>>> print(open('upload_5.cif').read())   # mmCIF, C-alpha atoms and all ligand atoms
data_query
loop_
_atom_site.label_atom_id
_atom_site.label_comp_id
_atom_site.auth_asym_id
_atom_site.auth_seq_id
_atom_site.Cartn_x
_atom_site.Cartn_y
_atom_site.Cartn_z
CA MET A 1 7.21 23.40 11.44
CA LEU A 2 6.56 27.17 11.67
CA GLY A 3 5.06 28.61 8.49
CA ARG A 4 4.44 25.24 6.87
CA MET A 5 1.05 24.81 5.23
CA ARG A 6 -0.78 22.04 7.09
CA ILE A 7 -2.50 19.61 4.73
CA ILE A 8 -4.36 16.32 4.76
CA ILE A 9 -4.17 14.36 1.49
CA ASP A 10 -7.35 12.51 0.49
CA THR A 11 -6.41 10.02 -2.18
CA ASP A 12 -7.21 6.87 -4.16
CA PRO A 13 -3.66 5.54 -4.60
CA ALA A 14 -3.39 2.79 -7.20
CA MET A 15 0.41 2.40 -7.37
CA GLY A 16 0.58 -1.23 -6.31
CA THR A 17 -2.62 -2.35 -8.02
CA LEU A 18 -1.74 -3.24 -11.59
CA GLY A 19 -3.95 -1.46 -14.13
CA GLY A 20 -4.89 1.42 -11.84
CA ASP A 21 -3.83 5.01 -12.50
CA PRO A 22 -0.65 5.19 -10.36
CA GLU A 23 -0.38 8.95 -10.29
CA ASP A 24 -1.60 9.67 -6.73
CA CYS A 25 1.62 8.25 -5.34
CA PHE A 26 3.72 10.78 -7.22
CA ALA A 27 1.59 13.52 -5.63
CA ILE A 28 2.12 11.98 -2.18
CA MET A 29 5.90 11.92 -2.78
CA LEU A 30 5.77 15.54 -3.95
CA ALA A 31 3.96 16.56 -0.76
CA LEU A 32 6.36 14.68 1.51
CA ASN A 33 9.37 16.19 -0.30
CA SER A 34 8.11 19.78 -0.13
CA PRO A 35 9.34 21.96 2.75
CA GLU A 36 6.35 24.25 2.28
CA LEU A 37 3.98 21.52 3.46
CA ARG A 38 3.32 19.67 6.69
CA VAL A 39 1.37 16.48 5.91
CA ASP A 40 -0.88 15.94 8.94
CA GLY A 41 -2.35 12.77 7.49
CA ILE A 42 -3.35 10.71 4.48
CA THR A 43 -6.93 9.46 4.09
CA VAL A 44 -7.75 6.86 1.47
CA VAL A 45 -10.99 6.91 -0.50
CA GLN A 46 -12.70 4.62 -3.00
CA GLY A 47 -11.99 5.51 -6.61
CA ASN A 48 -9.23 4.39 -8.95
CA VAL A 49 -9.16 1.25 -6.84
CA PRO A 50 -11.20 0.03 -3.88
CA ALA A 51 -10.12 1.74 -0.63
CA GLU A 52 -8.95 -1.59 0.74
CA LYS A 53 -6.34 -1.77 -2.03
CA GLY A 54 -5.59 1.94 -1.88
CA TYR A 55 -4.93 1.73 1.86
CA SER A 56 -2.51 -1.16 1.34
CA ASN A 57 -0.77 0.72 -1.47
CA ALA A 58 -0.38 3.84 0.66
CA ARG A 59 0.92 1.76 3.60
CA HIS A 60 3.51 0.20 1.28
CA LEU A 61 4.57 3.56 -0.15
CA LEU A 62 5.02 5.16 3.29
CA LYS A 63 7.16 2.18 4.33
CA LEU A 64 9.32 2.54 1.18
CA LEU A 65 9.69 6.26 1.89
CA GLY A 66 10.54 5.71 5.54
CA ARG A 67 7.57 7.90 6.48
CA GLU A 68 5.41 5.49 8.49
CA GLU A 69 4.92 8.20 11.11
CA VAL A 70 2.42 9.94 8.81
CA PRO A 71 -1.10 9.07 10.05
CA LEU A 72 -2.85 6.88 7.46
CA ARG A 73 -6.55 6.10 7.53
CA ARG A 74 -8.86 4.07 5.30
CA GLY A 75 -12.13 5.75 4.38
CA VAL A 76 -15.50 5.14 2.81
CA LEU A 77 -15.66 2.03 0.68
CA ARG A 78 -18.52 2.89 -1.71
CA PRO A 79 -19.90 5.92 -3.57
CA MET A 80 -22.55 7.77 -1.50
CA ASN A 81 -25.38 6.71 -3.81
CA PRO A 82 -25.50 2.89 -4.08
CA GLU A 83 -27.91 3.23 -7.02
CA ARG A 84 -25.10 4.55 -9.26
CA LYS A 85 -24.71 1.16 -10.91
CA ILE A 86 -21.96 2.16 -13.36
CA GLN A 87 -19.73 3.63 -10.66
CA VAL A 88 -20.34 0.74 -8.26
CA GLY A 89 -19.63 -1.65 -11.12
CA TRP A 90 -16.35 0.16 -11.86
CA LEU A 91 -15.23 -0.46 -8.30
CA GLU A 92 -16.42 -4.06 -8.14
CA ARG A 93 -14.37 -4.94 -11.20
CA ARG A 94 -11.24 -3.57 -9.57
CA TYR A 95 -11.38 -5.93 -6.64
CA GLY A 96 -10.02 -8.48 -9.05
CA ALA A 97 -7.02 -6.38 -10.16
CA ARG A 98 -3.62 -7.93 -9.43
CA GLN A 99 -2.02 -6.48 -6.31
CA ILE A 100 1.77 -6.18 -6.01
CA THR A 101 1.68 -4.74 -2.51
CA GLU A 102 0.67 -6.78 0.54
CA MET A 103 -3.00 -6.34 1.45
CA VAL A 104 -3.15 -4.84 4.96
CA GLU A 105 -6.35 -4.65 7.02
CA PRO A 106 -6.42 -1.46 9.12
CA GLU A 107 -7.24 -1.88 12.79
CA GLY A 108 -9.36 0.34 14.99
CA GLU A 109 -9.13 4.05 14.20
CA GLU A 110 -6.99 3.35 11.13
CA ALA A 111 -10.19 2.18 9.40
CA ASP A 112 -12.00 5.44 10.09
CA ALA A 113 -10.75 8.24 7.85
CA VAL A 114 -13.89 10.34 8.33
CA SER A 115 -13.42 10.56 12.11
CA PHE A 116 -9.75 11.43 11.55
CA LEU A 117 -10.74 14.24 9.19
CA LEU A 118 -13.31 15.57 11.68
CA GLU A 119 -11.07 15.32 14.75
CA THR A 120 -8.01 16.84 13.06
CA VAL A 121 -9.82 19.72 11.33
CA LEU A 122 -12.14 20.62 14.23
CA ALA A 123 -9.15 20.67 16.60
CA SER A 124 -7.40 23.28 14.46
CA PRO A 125 -10.06 25.52 12.92
CA GLY A 126 -8.84 27.57 9.98
CA GLU A 127 -5.48 25.80 9.79
CA ILE A 128 -5.93 22.67 7.67
CA THR A 129 -6.12 22.56 3.88
CA LEU A 130 -7.42 19.36 2.30
CA VAL A 131 -5.72 18.33 -0.92
CA THR A 132 -8.18 15.93 -2.53
CA ILE A 133 -6.85 13.83 -5.38
CA GLY A 134 -9.61 11.25 -5.58
CA PRO A 135 -13.41 11.17 -5.42
CA LEU A 136 -14.89 13.36 -2.66
CA THR A 137 -16.70 10.62 -0.74
CA ASN A 138 -14.70 10.94 2.51
CA VAL A 139 -14.86 14.74 2.53
CA ALA A 140 -18.58 14.91 1.77
CA THR A 141 -19.31 12.29 4.44
CA ALA A 142 -17.41 14.39 6.99
CA MET A 143 -19.40 17.47 5.89
CA GLN A 144 -22.66 15.59 6.37
CA ARG A 145 -21.56 14.40 9.82
CA SER A 146 -20.64 17.85 11.13
CA PRO A 147 -21.86 21.25 9.94
CA GLU A 148 -18.75 22.71 11.58
CA PHE A 149 -16.37 20.78 9.31
CA ALA A 150 -16.60 22.85 6.12
CA ARG A 151 -16.27 26.17 7.91
CA SER A 152 -13.35 24.89 10.02
CA LEU A 153 -11.29 24.11 6.94
CA LYS A 154 -8.73 26.63 5.68
CA GLY A 155 -9.64 25.38 2.20
CA ILE A 156 -9.76 22.50 -0.24
CA VAL A 157 -7.50 22.15 -3.27
CA MET A 158 -9.12 19.54 -5.51
CA MET A 159 -7.93 17.60 -8.48
CA GLY A 160 -11.23 17.27 -10.30
CA GLY A 161 -13.67 18.43 -12.88
CA THR A 162 -13.47 20.39 -16.09
CA ALA A 163 -14.04 24.10 -16.63
CA GLU A 164 -14.06 24.24 -20.44
CA CYS A 165 -12.71 20.94 -21.77
CA ALA A 166 -14.19 17.49 -22.29
CA GLY A 167 -14.20 14.81 -19.63
CA ASN A 168 -11.96 11.77 -19.42
CA ILE A 169 -13.99 8.91 -17.94
CA SER A 170 -16.96 10.08 -20.03
CA PRO A 171 -17.28 12.73 -22.74
CA ALA A 172 -18.76 15.06 -20.09
CA ALA A 173 -17.17 14.21 -16.74
CA GLU A 174 -13.80 13.95 -15.06
CA PHE A 175 -13.29 10.71 -13.10
CA ASN A 176 -13.04 11.97 -9.49
CA TYR A 177 -16.33 13.85 -9.67
CA TRP A 178 -18.00 11.19 -11.85
CA GLN A 179 -17.17 8.38 -9.41
CA ASP A 180 -19.25 10.12 -6.73
CA PRO A 181 -21.40 12.98 -8.10
CA GLU A 182 -23.40 13.32 -4.86
CA ALA A 183 -20.17 13.84 -2.93
CA ALA A 184 -18.90 16.45 -5.37
CA ASP A 185 -22.27 18.23 -5.21
CA ILE A 186 -22.13 18.38 -1.39
CA VAL A 187 -18.61 19.85 -1.48
CA PHE A 188 -19.48 22.56 -4.01
CA ARG A 189 -22.51 23.54 -1.92
CA SER A 190 -20.56 23.52 1.36
CA GLY A 191 -19.26 27.09 1.41
CA ALA A 192 -15.68 25.87 1.90
CA ASP A 193 -12.90 27.77 0.13
CA LEU A 194 -12.45 25.70 -3.05
CA THR A 195 -9.76 25.57 -5.70
CA MET A 196 -10.59 23.27 -8.64
CA VAL A 197 -7.61 21.95 -10.61
CA GLY A 198 -9.32 20.22 -13.52
CA LEU A 199 -8.51 18.53 -16.77
CA ASP A 200 -8.15 21.90 -18.52
CA VAL A 201 -4.70 22.21 -16.94
CA CYS A 202 -3.94 18.61 -15.89
CA HIS A 203 -4.07 17.39 -19.47
CA GLN A 204 -1.18 19.74 -20.30
CA THR A 205 1.12 17.69 -18.05
CA HIS A 206 2.83 14.48 -19.14
CA LEU A 207 5.13 11.77 -17.79
CA TYR A 208 6.78 9.33 -20.17
CA PRO A 209 8.08 5.79 -19.55
CA GLU A 210 11.64 6.87 -20.35
CA GLN A 211 11.55 9.33 -17.44
CA VAL A 212 10.53 6.58 -15.04
CA GLN A 213 13.15 4.21 -16.46
CA GLU A 214 15.78 6.92 -16.03
CA CYS A 215 15.06 7.51 -12.35
CA ALA A 216 14.77 3.75 -11.71
CA ARG A 217 18.35 3.28 -12.99
CA ALA A 218 19.59 4.42 -9.57
CA GLY A 219 18.56 0.95 -8.41
CA THR A 220 16.59 2.02 -5.34
CA GLY A 221 13.71 -0.14 -4.05
CA LEU A 222 11.42 2.81 -4.60
CA GLY A 223 12.55 3.09 -8.20
CA ALA A 224 11.96 -0.60 -8.85
CA PHE A 225 8.47 -0.39 -7.33
CA VAL A 226 7.55 2.70 -9.35
CA LEU A 227 8.83 1.09 -12.55
CA GLU A 228 6.82 -2.10 -11.99
CA ALA A 229 3.71 -0.28 -10.82
CA THR A 230 3.55 2.23 -13.67
CA ALA A 231 4.31 -0.10 -16.58
CA PRO A 232 0.73 -1.48 -16.98
CA TRP A 233 -0.74 2.02 -16.91
CA PHE A 234 1.57 3.21 -19.65
CA GLU A 235 0.40 0.21 -21.70
CA ILE A 236 -3.25 1.03 -21.03
CA MET A 237 -2.68 4.65 -22.05
CA ALA A 238 -0.86 3.58 -25.22
CA ALA A 239 -3.73 1.28 -26.16
CA GLY A 240 -6.54 3.57 -25.01
CA ALA A 241 -5.29 7.10 -25.56
CA GLY A 242 -2.90 6.34 -28.39
CA SER A 243 0.21 7.58 -26.61
CA GLU A 244 2.44 5.95 -24.01
CA MET A 245 2.34 8.61 -21.32
CA LEU A 246 0.39 9.55 -18.21
CA HIS A 247 -0.97 12.88 -17.06
CA LEU A 248 0.29 14.19 -13.74
CA TYR A 249 -3.20 15.19 -12.56
CA ASP A 250 -2.77 14.77 -8.83
CA SER A 251 0.81 16.07 -8.72
CA LEU A 252 -0.33 19.27 -10.42
CA ALA A 253 -3.09 19.74 -7.84
CA MET A 254 -0.50 19.17 -5.08
CA ALA A 255 1.85 21.66 -6.78
CA VAL A 256 -0.98 24.23 -6.88
CA ALA A 257 -1.40 23.81 -3.12
CA ILE A 258 2.33 24.58 -2.81
CA ASP A 259 2.33 27.43 -5.36
CA PRO A 260 -1.06 28.68 -6.64
CA GLY A 261 0.90 30.95 -9.00
CA LEU A 262 1.52 27.90 -11.19
CA VAL A 263 -1.99 28.27 -12.63
CA THR A 264 -4.34 31.04 -13.70
CA LEU A 265 -7.37 30.88 -11.41
CA GLU A 266 -10.78 32.37 -12.27
CA ALA A 267 -13.61 32.86 -9.80
CA SER A 268 -16.53 30.66 -10.81
CA PHE A 269 -19.85 29.22 -9.77
CA VAL A 270 -19.50 25.47 -10.22
CA GLU A 271 -22.35 22.99 -10.02
CA ILE A 272 -22.33 19.23 -10.45
CA GLU A 273 -24.71 17.29 -12.68
CA VAL A 274 -26.24 14.73 -10.30
CA GLY A 275 -28.84 13.39 -12.69
CA GLU A 276 -28.67 9.86 -14.09
CA GLY A 277 -28.07 10.97 -17.65
CA PRO A 278 -24.97 10.88 -19.86
CA ALA A 279 -23.59 14.09 -18.28
CA GLN A 280 -23.70 12.70 -14.73
CA GLY A 281 -20.75 13.89 -12.68
CA MET A 282 -20.02 16.78 -15.00
CA SER A 283 -18.80 20.01 -13.37
CA VAL A 284 -20.54 22.99 -14.99
CA SER A 285 -18.35 26.06 -14.46
CA TYR A 286 -19.85 29.55 -14.75
CA HIS A 287 -16.51 31.39 -14.68
CA LYS A 288 -17.74 33.79 -17.39
CA PRO A 289 -19.66 36.59 -15.58
CA PHE A 290 -22.14 37.08 -18.43
CA GLN A 291 -23.14 33.41 -18.12
CA ARG A 292 -23.74 33.85 -14.39
CA THR A 293 -25.96 36.82 -15.25
CA ILE A 294 -27.92 35.06 -18.00
CA PHE A 295 -28.50 31.95 -15.92
CA GLY A 296 -28.96 33.73 -12.60
CA ARG A 297 -26.14 31.89 -10.88
CA PRO A 298 -25.31 33.45 -7.51
CA ALA A 299 -21.92 34.71 -6.44
CA THR A 300 -18.99 32.37 -7.00
CA ASN A 301 -18.22 29.25 -4.93
CA ALA A 302 -14.79 28.22 -6.27
CA ARG A 303 -11.71 29.24 -8.19
CA VAL A 304 -11.07 27.16 -11.32
CA ALA A 305 -7.69 26.71 -13.02
CA LEU A 306 -7.72 27.62 -16.71
CA GLU A 307 -4.02 27.91 -17.62
CA VAL A 308 -0.80 26.41 -16.24
CA ALA A 309 2.92 27.22 -16.36
CA VAL A 310 3.75 23.68 -17.48
CA GLU A 311 7.54 24.06 -17.62
CA THR A 312 7.70 25.49 -14.10
CA PHE A 313 5.56 22.62 -12.84
CA GLU A 314 7.65 20.01 -14.63
CA GLU A 315 10.86 21.44 -13.14
CA LEU A 316 9.35 21.16 -9.66
CA PHE A 317 8.19 17.61 -10.37
CA GLN A 318 11.56 16.58 -11.80
CA LYS A 319 13.44 17.89 -8.76
CA ARG A 320 11.15 16.78 -5.95
CA VAL A 321 9.76 13.52 -7.37
CA LEU A 322 11.81 12.01 -10.20
CA GLY A 323 15.08 13.24 -8.72
CA PHE A 324 14.04 11.89 -5.33
CA ILE A 325 13.15 8.47 -6.81
CA GLY A 326 16.48 8.52 -8.62
CA GLY A 327 18.31 8.99 -5.34
CA GLU A 328 19.32 12.60 -5.95
CA SER A 329 19.60 14.54 -2.69
O1 LIG A 401 -9.43 12.19 -13.59
C1 LIG A 401 -8.15 12.08 -13.01
C2 LIG A 401 -8.24 11.55 -11.62
O2 LIG A 401 -8.73 10.21 -11.67
C3 LIG A 401 -6.87 11.48 -10.91
O3 LIG A 401 -7.02 11.74 -9.53
C4 LIG A 401 -6.45 10.05 -11.12
O4 LIG A 401 -5.64 9.56 -10.04
C5 LIG A 401 -7.78 9.33 -11.10
O5 LIG A 401 -8.13 9.12 -9.74
CA CA A 402 -6.35 10.14 -7.87
#
>>> encode(input="upload_5.cif", output="structure tokens")
Amino acid sequence: MLGRMRIIIDTDPAMGTLGGDPEDCFAIMLALNSPELRVDGITVVQGNVPAEKGYSNARHLLKLLGREEVPLRRGVLRPMNPERKIQVGWLERRYGARQITEMVEPEGEEADAVSFLLETVLASPGEITLVTIGPLTNVATAMQRSPEFARSLKGIVMMGGTAECAGNISPAAEFNYWQDPEAADIVFRSGADLTMVGLDVCHQTHLYPEQVQECARAGTGLGAFVLEATAPWFEIMAAGAGSEMLHLYDSLAMAVAIDPGLVTLEASFVEIEVGEGPAQGMSVSYHKPFQRTIFGRPATNARVALEVAVETFEELFQKRVLGFIGGES
């Protein structure tokens, strides 16, 4: 394990809950199939789907992958601010989504992702990078519980936010930050080393149904599961976004953890809109120095991704995820 980058994946995996964005599970497969990474654990957070469903989906995926040795923990079940009625309502509605994986209730420590984050990171100061591909509720809760946590992290690579483009869940905000603005605000104020992989680059990535059908032809159980679990999302995207495809948001963030050279990163001061208005959850990125000067924003607190080498990313994804699902060695 010498030289491997130690990571913990914080995720809201919906592959297994029909109608949820299934993409986290591709990112988890990418991480587990990348020799550059050592996955010290997976923590599940509320977001795409309730954490109870996400935990069951992750448990099912690890079993399919033969990787049940990876520590898996269920985390915080609600956004930090219970008064965020729209976000709480989003989650409530997803308790009714049809589940194609068996619901599993974690026991003991497996139901306590925040303690796992604290224990693992504080035991190895400066060694662990968090790759967050869901809302930041677990991470922010850990930061609130221990002032040592943020400064003990090697860094955080986040799928989240926008630097210059429009939002996705709302015209202003990207989903992960929108689903828990207070949590995102805590993380950006924490002083941790932050890399923000936002919609500016994630929206340049695409996965099409034909690609999933192709890798499912190998007839593996994993392929059949991925085919069944992604089909409803492709339909939702066709109806909602006008094209039958999905963006590989979380896999791109995972790929950036593996190879930051995949994207062009700019130093920025990022702040989160935590008001109740229409821009709630928006990430405001002052990556242009003159804007930091005009608005008196202090030194930078993050690096934001503005451009991406899409073909290089897609080759990596094809080899380590689609090829893997298709049974290629
Ligand atoms: O906005 C994209 C993010 O929301 C991704 O992490 C996707 O999985 C959903 O959680
Ligand atoms: Ca996600």
>>> residues_around(input="upload_5.cif", residues="Thr300 of chain A", least_positions_apart="2", cutoff="10 Å", atoms="only C-alpha atoms", output="ChimeraX atom specification")
/A:191,266-270,285-287,289,292,297-298,302-303
>>> residues_near_point(input="upload_5.cif", point="(17.3, 3.6, -4.2)", cutoff="10 Å", atoms="all atoms listed in the file", output="PyMOL selection string")
chain A and resi 64+215-224+324-328
>>> write_last_selection(input="upload_5.cif", atoms="C-alpha atoms", output="PDB file, keeping the file's coordinate frame")
ATOM      1  CA  LEU A  64       9.320   2.540   1.180  1.00  0.00           C
ATOM      2  CA  CYS A 215      15.060   7.510 -12.350  1.00  0.00           C
ATOM      3  CA  ALA A 216      14.770   3.750 -11.710  1.00  0.00           C
ATOM      4  CA  ARG A 217      18.350   3.280 -12.990  1.00  0.00           C
ATOM      5  CA  ALA A 218      19.590   4.420  -9.570  1.00  0.00           C
ATOM      6  CA  GLY A 219      18.560   0.950  -8.410  1.00  0.00           C
ATOM      7  CA  THR A 220      16.590   2.020  -5.340  1.00  0.00           C
ATOM      8  CA  GLY A 221      13.710  -0.140  -4.050  1.00  0.00           C
ATOM      9  CA  LEU A 222      11.420   2.810  -4.600  1.00  0.00           C
ATOM     10  CA  GLY A 223      12.550   3.090  -8.200  1.00  0.00           C
ATOM     11  CA  ALA A 224      11.960  -0.600  -8.850  1.00  0.00           C
ATOM     12  CA  PHE A 324      14.040  11.890  -5.330  1.00  0.00           C
ATOM     13  CA  ILE A 325      13.150   8.470  -6.810  1.00  0.00           C
ATOM     14  CA  GLY A 326      16.480   8.520  -8.620  1.00  0.00           C
ATOM     15  CA  GLY A 327      18.310   8.990  -5.340  1.00  0.00           C
ATOM     16  CA  GLU A 328      19.320  12.600  -5.950  1.00  0.00           C
TER      17      GLU A 328
END
>>> residues_near_ligand(input="upload_5.cif", ligand="ligand CA 402 (chain A)", cutoff="7 Å", atoms="all atoms listed in the file", output="list in words")
Thr11, Asp12, Pro13, Glu23, Asp24, Asn48, Ile133, Gly134 and Asp250 of chain A
>>> write_last_selection(input="upload_5.cif", atoms="C-alpha atoms", output="PDB file, in the frame of the given file")
ATOM      1  CA  THR A  11      -6.410  10.020  -2.180  1.00  0.00           C
ATOM      2  CA  ASP A  12      -7.210   6.870  -4.160  1.00  0.00           C
ATOM      3  CA  PRO A  13      -3.660   5.540  -4.600  1.00  0.00           C
ATOM      4  CA  GLU A  23      -0.380   8.950 -10.290  1.00  0.00           C
ATOM      5  CA  ASP A  24      -1.600   9.670  -6.730  1.00  0.00           C
ATOM      6  CA  ASN A  48      -9.230   4.390  -8.950  1.00  0.00           C
ATOM      7  CA  ILE A 133      -6.850  13.830  -5.380  1.00  0.00           C
ATOM      8  CA  GLY A 134      -9.610  11.250  -5.580  1.00  0.00           C
ATOM      9  CA  ASP A 250      -2.770  14.770  -8.830  1.00  0.00           C
TER      10      ASP A 250
END
>>> closest_residue(input="upload_5.cif", among="A:Thr162, A:Thr43, A:Ser170, A:Ser190", to="Leu130 of chain A", atoms="only C-alpha atoms")
A:Thr43
>>> residues_near_point(input="upload_5.cif", point="(-4.8, 16.2, 3.2)", cutoff="9 Å", atoms="all atoms listed in the file", output="list in words")
Arg6, Ile7, Ile8, Ile9, Asp10, Thr11, Val39, Asp40, Gly41, Ile42, Thr43, Leu117, Ile128, Thr129, Leu130, Val131, Thr132 and Ile156 of chain A
>>> write_last_selection(input="upload_5.cif", atoms="C-alpha atoms", output="short mmCIF file (atom, residue, chain, number, x, y, z; two decimals), keeping the file's coordinate frame")
data_model
loop_
_atom_site.label_atom_id
_atom_site.label_comp_id
_atom_site.auth_asym_id
_atom_site.auth_seq_id
_atom_site.Cartn_x
_atom_site.Cartn_y
_atom_site.Cartn_z
CA ARG A 6 -0.78 22.04 7.09
CA ILE A 7 -2.50 19.61 4.73
CA ILE A 8 -4.36 16.32 4.76
CA ILE A 9 -4.17 14.36 1.49
CA ASP A 10 -7.35 12.51 0.49
CA THR A 11 -6.41 10.02 -2.18
CA VAL A 39 1.37 16.48 5.91
CA ASP A 40 -0.88 15.94 8.94
CA GLY A 41 -2.35 12.77 7.49
CA ILE A 42 -3.35 10.71 4.48
CA THR A 43 -6.93 9.46 4.09
CA LEU A 117 -10.74 14.24 9.19
CA ILE A 128 -5.93 22.67 7.67
CA THR A 129 -6.12 22.56 3.88
CA LEU A 130 -7.42 19.36 2.30
CA VAL A 131 -5.72 18.33 -0.92
CA THR A 132 -8.18 15.93 -2.53
CA ILE A 156 -9.76 22.50 -0.24
#
>>> residues_around(input="upload_5.cif", residues="Arg74 of chain A", least_positions_apart="4", cutoff="9 Å", atoms="all atoms listed in the file", output="list in words")
Ile42, Thr43, Val44, Val45, Ala51, Glu52, Gly54, Tyr55, Pro106, Glu109, Glu110, Ala111, Asp112, Ala113 and Val114 of chain A
>>> residues_near_ligand(input="upload_5.cif", ligand="ligand LIG 401 (chain A)", cutoff="10 Å", atoms="all atoms listed in the file", output="VMD selection string")
chain A and resid 11 to 15 20 to 27 45 to 49 132 to 135 158 to 162 167 to 169 173 to 179 198 to 199 202 to 203 246 to 251 253
>>> residues_around(input="upload_5.cif", residues="Ala142 of chain A", least_positions_apart="2", cutoff="12 Å", atoms="all atoms listed in the file", output="PyMOL selection string")
chain A and resi 43+75-76+80+112-122+136-140+144-153+183+186-187+190
>>> closest_residue(input="upload_5.cif", among="A:Leu91, A:Ala184, A:Val212, A:Val304", to="Arg78 of chain A", atoms="only C-alpha atoms")
A:Leu91
>>> atom_distance(input="upload_5.cif", atom1="atom CA of Gly3 of chain A", atom2="atom CA of Val308 of chain A")
25.5 Å
>>> decode(input="upload_5.cif", residues="segment 143-149 of chain A", atoms="all heavy atoms", output="PDB file, in the first residue's frame")
ATOM      1  N   MET A 143     -16.595  18.348  11.546  1.00  0.00           N
ATOM      2  CA  MET A 143     -15.847  19.590  11.808  1.00  0.00           C
ATOM      3  C   MET A 143     -16.394  20.295  13.037  1.00  0.00           C
ATOM      4  O   MET A 143     -15.637  20.833  13.847  1.00  0.00           O
ATOM      5  CB  MET A 143     -15.925  20.513  10.584  1.00  0.00           C
ATOM      6  CG  MET A 143     -15.103  20.027   9.419  1.00  0.00           C
ATOM      7  SD  MET A 143     -15.275  21.106   7.969  1.00  0.00           S
ATOM      8  CE  MET A 143     -13.959  20.415   6.931  1.00  0.00           C
ATOM      9  N   GLN A 144     -17.713  20.277  13.191  1.00  0.00           N
ATOM     10  CA  GLN A 144     -18.302  20.919  14.373  1.00  0.00           C
ATOM     11  C   GLN A 144     -17.954  20.161  15.653  1.00  0.00           C
ATOM     12  O   GLN A 144     -17.780  20.752  16.724  1.00  0.00           O
ATOM     13  CB  GLN A 144     -19.826  20.970  14.239  1.00  0.00           C
ATOM     14  CG  GLN A 144     -20.324  22.068  13.291  1.00  0.00           C
ATOM     15  CD  GLN A 144     -21.823  22.258  13.408  1.00  0.00           C
ATOM     16  OE1 GLN A 144     -22.569  21.286  13.563  1.00  0.00           O
ATOM     17  NE2 GLN A 144     -22.283  23.494  13.331  1.00  0.00           N
ATOM     18  N   ARG A 145     -17.793  18.817  15.508  1.00  0.00           N
ATOM     19  CA  ARG A 145     -17.557  18.000  16.710  1.00  0.00           C
ATOM     20  C   ARG A 145     -16.108  18.099  17.179  1.00  0.00           C
ATOM     21  O   ARG A 145     -15.818  17.931  18.359  1.00  0.00           O
ATOM     22  CB  ARG A 145     -17.947  16.548  16.427  1.00  0.00           C
ATOM     23  CG  ARG A 145     -18.520  15.835  17.647  1.00  0.00           C
ATOM     24  CD  ARG A 145     -18.954  14.434  17.356  1.00  0.00           C
ATOM     25  NE  ARG A 145     -20.265  14.367  16.717  1.00  0.00           N
ATOM     26  CZ  ARG A 145     -20.800  13.216  16.310  1.00  0.00           C
ATOM     27  NH1 ARG A 145     -20.106  12.086  16.410  1.00  0.00           N
ATOM     28  NH2 ARG A 145     -21.978  13.192  15.767  1.00  0.00           N
ATOM     29  N   SER A 146     -15.184  18.334  16.243  1.00  0.00           N
ATOM     30  CA  SER A 146     -13.783  18.418  16.655  1.00  0.00           C
ATOM     31  C   SER A 146     -13.046  19.481  15.860  1.00  0.00           C
ATOM     32  O   SER A 146     -12.917  19.368  14.626  1.00  0.00           O
ATOM     33  CB  SER A 146     -13.066  17.079  16.441  1.00  0.00           C
ATOM     34  OG  SER A 146     -11.669  17.304  16.413  1.00  0.00           O
ATOM     35  N   PRO A 147     -12.510  20.500  16.528  1.00  0.00           N
ATOM     36  CA  PRO A 147     -11.745  21.534  15.828  1.00  0.00           C
ATOM     37  C   PRO A 147     -10.466  20.983  15.197  1.00  0.00           C
ATOM     38  O   PRO A 147      -9.906  21.571  14.286  1.00  0.00           O
ATOM     39  CB  PRO A 147     -11.426  22.556  16.925  1.00  0.00           C
ATOM     40  CG  PRO A 147     -11.692  21.887  18.221  1.00  0.00           C
ATOM     41  CD  PRO A 147     -12.636  20.769  17.976  1.00  0.00           C
ATOM     42  N   GLU A 148     -10.051  19.788  15.669  1.00  0.00           N
ATOM     43  CA  GLU A 148      -8.836  19.179  15.116  1.00  0.00           C
ATOM     44  C   GLU A 148      -9.089  18.554  13.735  1.00  0.00           C
ATOM     45  O   GLU A 148      -8.161  18.319  12.971  1.00  0.00           O
ATOM     46  CB  GLU A 148      -8.333  18.052  16.049  1.00  0.00           C
ATOM     47  CG  GLU A 148      -7.783  18.550  17.380  1.00  0.00           C
ATOM     48  CD  GLU A 148      -6.635  19.517  17.163  1.00  0.00           C
ATOM     49  OE1 GLU A 148      -5.710  19.195  16.381  1.00  0.00           O
ATOM     50  OE2 GLU A 148      -6.703  20.624  17.715  1.00  0.00           O
ATOM     51  N   PHE A 149     -10.351  18.250  13.440  1.00  0.00           N
ATOM     52  CA  PHE A 149     -10.655  17.430  12.248  1.00  0.00           C
ATOM     53  C   PHE A 149     -10.170  18.106  10.964  1.00  0.00           C
ATOM     54  O   PHE A 149      -9.397  17.515  10.195  1.00  0.00           O
ATOM     55  CB  PHE A 149     -12.159  17.164  12.188  1.00  0.00           C
ATOM     56  CG  PHE A 149     -12.579  16.289  11.036  1.00  0.00           C
ATOM     57  CD1 PHE A 149     -12.231  14.938  11.007  1.00  0.00           C
ATOM     58  CD2 PHE A 149     -13.315  16.804   9.978  1.00  0.00           C
ATOM     59  CE1 PHE A 149     -12.620  14.118   9.934  1.00  0.00           C
ATOM     60  CE2 PHE A 149     -13.697  16.001   8.913  1.00  0.00           C
ATOM     61  CZ  PHE A 149     -13.353  14.664   8.883  1.00  0.00           C
TER      62      PHE A 149
END
